[in-house]
Amino acid sequence: MTTRILVTGAGALLGQGIIRSLRQSNLNVEIIAVDPARLSVGFYWADRGYIVPLATDPSYIDRVRYILSVERPDIIMIGTDVEKKLFAERRAEFQEEFGARTLVSTPNVIAIADDKYATYNFLRDAGFHPPASVLPGEEHYLIAQVGFPLVVKPRVGGRSRGVRVVRNRAELDLALAGDDNLVLQECVGTPDMEFTAGAVHFPGQKIASIVMRRDLRDGNTYRAYVDRSTALNQQVVALAEALKPYGPVNFQFRVDSEGRVRVFEINARFSGTTPLRALAGFHEVEMCVRYLLNGEPPRQPQVKPITILRYWSEIVVNEQAMGRIQ
């Protein structure tokens, strides 16, 4: 039996990773990709593709509804951050009207993950050890508590965009100038102890997890080292149990000199490293599809202790292929 899956964000690293993971899986799938740009590589890995407006466009949902009415996918997977809330608000509606199960967390979980100050408050209140964090105007409290260096970053954002490490008051004042939509954080650990971790959580089911140490370039993981540490995986499971996402969740953290996990970012979705995890034997996309279709509980695989190197690649598309995108 073929499972029809609609994947948004065919031009995004995340959406492309979902499509690649589906192609790597043991599932029999038919992939429908959507994206605003015709020259999005994910279109040419999919079976069919549709152009959509930007998610901020008022006509976006109408276009999505049209595609759902034509394609009738079994499952919808979200490949960009900006679309998560739109689909979360319509998850029940899309299932009732089109029979499509949307893999997306609740608006509350998305709100916690998308706002880094809300992330800090959630982790602190749940008894974890996030980096100490304050909003602009409260920086003197943070300086008194932890000193310099500090990290200044947008409250909403990803891939390390707009992130600055400041080492004195002059650099801090420059980083804060003219922008109140920021959060200031304690700078914890070192780059060689930075991790990206994933978990799959569904209500009433056991949680599967994977931890990878990583090297970053331009905000993305370009080298990953699978870490089979039981203690780190137990911490990831505890984090997922506290947050209660629907399906995939990504935690980014450093381990400090005391050995504590210090989570500084949560993504209530698959990760850009999802296809890398599949190479290690952690097929989170397949786990989610099997649960949504058949109620098959996620199972913790024995991940392979491998090193993964990322590199650029190419795909050639012709006018005929581009013409098939609707």
# chains A, B, ... in the order shown; residues from 1 in each chain; ligands from 1

$ select_by_dssp --residues "region 148-308 of chain A" --states "strand (DSSP E)" --output "short mmCIF file (atom, residue, chain, number, x, y, z; two decimals) with N, CA and C atoms, in the first residue's frame"
data_model
loop_
_atom_site.label_atom_id
_atom_site.label_comp_id
_atom_site.auth_asym_id
_atom_site.auth_seq_id
_atom_site.Cartn_x
_atom_site.Cartn_y
_atom_site.Cartn_z
N LEU A 150 28.85 37.06 27.24
CA LEU A 150 27.43 36.77 27.15
C LEU A 150 27.07 36.51 25.69
N VAL A 151 25.93 35.87 25.49
CA VAL A 151 25.42 35.63 24.14
C VAL A 151 24.18 36.49 23.95
N VAL A 152 24.14 37.24 22.86
CA VAL A 152 22.98 38.05 22.51
C VAL A 152 22.39 37.47 21.23
N LYS A 153 21.10 37.17 21.25
CA LYS A 153 20.47 36.54 20.08
C LYS A 153 19.03 36.99 19.96
N PRO A 154 18.44 36.87 18.76
CA PRO A 154 17.02 37.18 18.60
C PRO A 154 16.17 36.23 19.43
N ARG A 164 25.38 36.86 18.65
CA ARG A 164 26.68 37.50 18.91
C ARG A 164 27.18 37.08 20.29
N VAL A 165 28.47 36.87 20.38
CA VAL A 165 29.12 36.69 21.68
C VAL A 165 29.80 38.01 22.03
N VAL A 166 29.42 38.58 23.17
CA VAL A 166 29.97 39.88 23.58
C VAL A 166 30.84 39.69 24.81
N LEU A 182 15.32 40.85 21.61
CA LEU A 182 16.51 40.05 21.84
C LEU A 182 16.41 39.34 23.18
N VAL A 183 17.27 38.36 23.37
CA VAL A 183 17.45 37.74 24.66
C VAL A 183 18.95 37.66 24.93
N LEU A 184 19.34 37.86 26.17
CA LEU A 184 20.74 37.79 26.58
C LEU A 184 20.91 36.53 27.41
N GLN A 185 21.97 35.76 27.12
CA GLN A 185 22.16 34.49 27.80
C GLN A 185 23.59 34.32 28.29
N GLU A 186 23.70 33.58 29.37
CA GLU A 186 24.98 33.11 29.86
C GLU A 186 25.65 32.29 28.75
N GLU A 194 29.29 20.87 22.03
CA GLU A 194 27.95 21.26 21.60
C GLU A 194 27.27 20.06 20.94
N PHE A 195 26.00 19.89 21.26
CA PHE A 195 25.26 18.73 20.82
C PHE A 195 23.93 19.12 20.19
N THR A 196 23.48 18.29 19.26
CA THR A 196 22.12 18.36 18.75
C THR A 196 21.49 17.00 19.01
N ALA A 197 20.28 17.02 19.54
CA ALA A 197 19.63 15.77 19.94
C ALA A 197 18.20 15.76 19.43
N GLY A 198 17.70 14.58 19.16
CA GLY A 198 16.33 14.45 18.70
C GLY A 198 15.58 13.42 19.51
N ALA A 199 14.27 13.60 19.60
CA ALA A 199 13.41 12.62 20.25
C ALA A 199 12.10 12.53 19.48
N VAL A 200 11.46 11.39 19.59
CA VAL A 200 10.12 11.19 19.03
C VAL A 200 9.19 10.86 20.19
N HIS A 201 8.18 11.71 20.38
CA HIS A 201 7.27 11.57 21.51
C HIS A 201 5.82 11.60 21.03
N ALA A 208 11.79 7.61 21.84
CA ALA A 208 13.05 7.24 21.19
C ALA A 208 13.92 8.49 21.08
N SER A 209 15.22 8.34 21.20
CA SER A 209 16.10 9.51 21.18
C SER A 209 17.44 9.20 20.53
N ILE A 210 18.10 10.28 20.11
CA ILE A 210 19.46 10.19 19.58
C ILE A 210 20.20 11.48 19.94
N VAL A 211 21.48 11.36 20.22
CA VAL A 211 22.34 12.50 20.56
C VAL A 211 23.54 12.49 19.63
N MET A 212 23.86 13.66 19.08
CA MET A 212 25.05 13.79 18.25
C MET A 212 25.83 15.04 18.67
N ARG A 213 27.11 14.87 18.89
CA ARG A 213 27.97 16.04 19.03
C ARG A 213 28.17 16.64 17.64
N ARG A 214 28.35 17.95 17.56
CA ARG A 214 28.38 18.55 16.22
C ARG A 214 29.41 19.67 16.12
N ASP A 215 29.85 19.90 14.90
CA ASP A 215 30.61 21.09 14.53
C ASP A 215 29.71 21.92 13.64
N LEU A 216 29.72 23.24 13.86
CA LEU A 216 28.85 24.14 13.12
C LEU A 216 29.62 24.93 12.07
N ARG A 217 28.92 25.23 10.99
CA ARG A 217 29.42 26.19 9.99
C ARG A 217 28.20 26.95 9.46
N ASN A 220 24.75 25.81 10.63
CA ASN A 220 24.29 24.45 10.35
C ASN A 220 25.33 23.42 10.77
N THR A 221 24.86 22.22 11.10
CA THR A 221 25.77 21.12 11.42
C THR A 221 26.45 20.64 10.15
N TYR A 222 27.78 20.68 10.13
CA TYR A 222 28.47 20.17 8.95
C TYR A 222 29.35 18.97 9.27
N ARG A 223 29.57 18.68 10.55
CA ARG A 223 30.16 17.41 10.97
C ARG A 223 29.39 16.94 12.19
N ALA A 224 29.04 15.68 12.22
CA ALA A 224 28.26 15.14 13.34
C ALA A 224 28.89 13.84 13.81
N TYR A 225 28.87 13.64 15.12
CA TYR A 225 29.47 12.47 15.74
C TYR A 225 28.42 11.85 16.65
N VAL A 226 27.96 10.66 16.30
CA VAL A 226 26.90 10.04 17.09
C VAL A 226 27.43 9.66 18.47
N ASP A 227 26.74 10.13 19.50
CA ASP A 227 27.14 9.91 20.89
C ASP A 227 26.14 8.96 21.54
N GLY A 247 5.17 14.15 18.20
CA GLY A 247 6.10 13.66 17.20
C GLY A 247 7.52 14.12 17.47
N PRO A 248 8.18 14.73 16.49
CA PRO A 248 9.60 15.04 16.61
C PRO A 248 9.87 16.31 17.41
N VAL A 249 11.03 16.32 18.07
CA VAL A 249 11.52 17.52 18.75
C VAL A 249 13.04 17.49 18.71
N ASN A 250 13.63 18.68 18.63
CA ASN A 250 15.08 18.83 18.56
C ASN A 250 15.55 19.70 19.73
N PHE A 251 16.55 19.21 20.46
CA PHE A 251 17.15 19.98 21.55
C PHE A 251 18.61 20.27 21.20
N GLN A 252 19.02 21.52 21.35
CA GLN A 252 20.40 21.89 21.13
C GLN A 252 20.99 22.34 22.47
N PHE A 253 22.16 21.81 22.79
CA PHE A 253 22.71 22.09 24.12
C PHE A 253 24.22 21.96 24.12
N ARG A 254 24.80 22.50 25.16
CA ARG A 254 26.20 22.25 25.47
C ARG A 254 26.28 21.56 26.83
N VAL A 255 27.37 20.85 27.03
CA VAL A 255 27.64 20.25 28.33
C VAL A 255 28.71 21.09 29.00
N VAL A 261 23.84 19.22 31.30
CA VAL A 261 23.25 19.55 30.00
C VAL A 261 22.61 20.93 30.11
N ARG A 262 23.02 21.84 29.22
CA ARG A 262 22.52 23.22 29.26
C ARG A 262 21.83 23.53 27.92
N VAL A 263 20.55 23.26 27.85
CA VAL A 263 19.79 23.45 26.61
C VAL A 263 19.59 24.93 26.35
N PHE A 264 19.94 25.38 25.15
CA PHE A 264 19.75 26.78 24.78
C PHE A 264 18.75 26.97 23.64
N GLU A 265 18.31 25.87 23.01
CA GLU A 265 17.34 26.01 21.93
C GLU A 265 16.53 24.73 21.80
N ILE A 266 15.23 24.91 21.56
CA ILE A 266 14.33 23.80 21.28
C ILE A 266 13.66 24.07 19.94
N ASN A 267 13.55 23.05 19.10
CA ASN A 267 12.78 23.14 17.86
C ASN A 267 11.70 22.07 17.91
N THR A 307 30.73 8.81 12.37
CA THR A 307 31.00 10.22 12.09
C THR A 307 30.43 10.54 10.72
N ILE A 308 29.73 11.67 10.62
CA ILE A 308 29.07 12.05 9.38
C ILE A 308 29.62 13.39 8.91
#

$ residues_around --residues "Ala177 (chain A)" --least-positions-apart "5" --cutoff "12 Å" --atoms "only C-alpha atoms" --output "count of residues only"
7

$ residues_around --residues "region 94-106 of chain A" --least-positions-apart "4" --cutoff "10 Å" --atoms "only C-alpha atoms" --output "PyMOL selection string"
chain A and resi 4-6+65+68-78+83-90+110-111+202+244-249+268-270+288-289+292-293

$ residues_around --residues "Ile51 (chain A)" --least-positions-apart "2" --cutoff "9 Å" --atoms "only C-alpha atoms" --output "VMD selection string"
chain A and resid 33 to 38 49 53 63 325 to 326

$ select_by_dssp --residues "region 26-246 of chain A" --states "alpha helix (DSSP H)" --output "JSON, numbers by chain"
{"A": [60, 61, 62, 63, 64, 65, 66, 67, 68, 69, 70, 71, 81, 82, 83, 84, 85, 86, 87, 88, 91, 92, 93, 94, 95, 96, 97, 98, 107, 108, 109, 110, 111, 112, 113, 114, 116, 117, 118, 119, 120, 121, 122, 123, 124, 125, 139, 140, 141, 142, 143, 144, 145, 146, 169, 170, 171, 172, 173, 174, 175, 176, 230, 231, 232, 233, 234, 235, 236, 237, 238, 239, 240, 241, 242, 243]}

$ closest_residue --among "A:Pro305, A:Pro203, A:Gly295, A:Gly272" --to "Ala242 (chain A)" --atoms "only C-alpha atoms"
A:Pro203

$ closest_residue --among "A:Leu142, A:Val163, A:Val303, A:Leu239" --to "Leu276 (chain A)" --atoms "only C-alpha atoms"
A:Val303
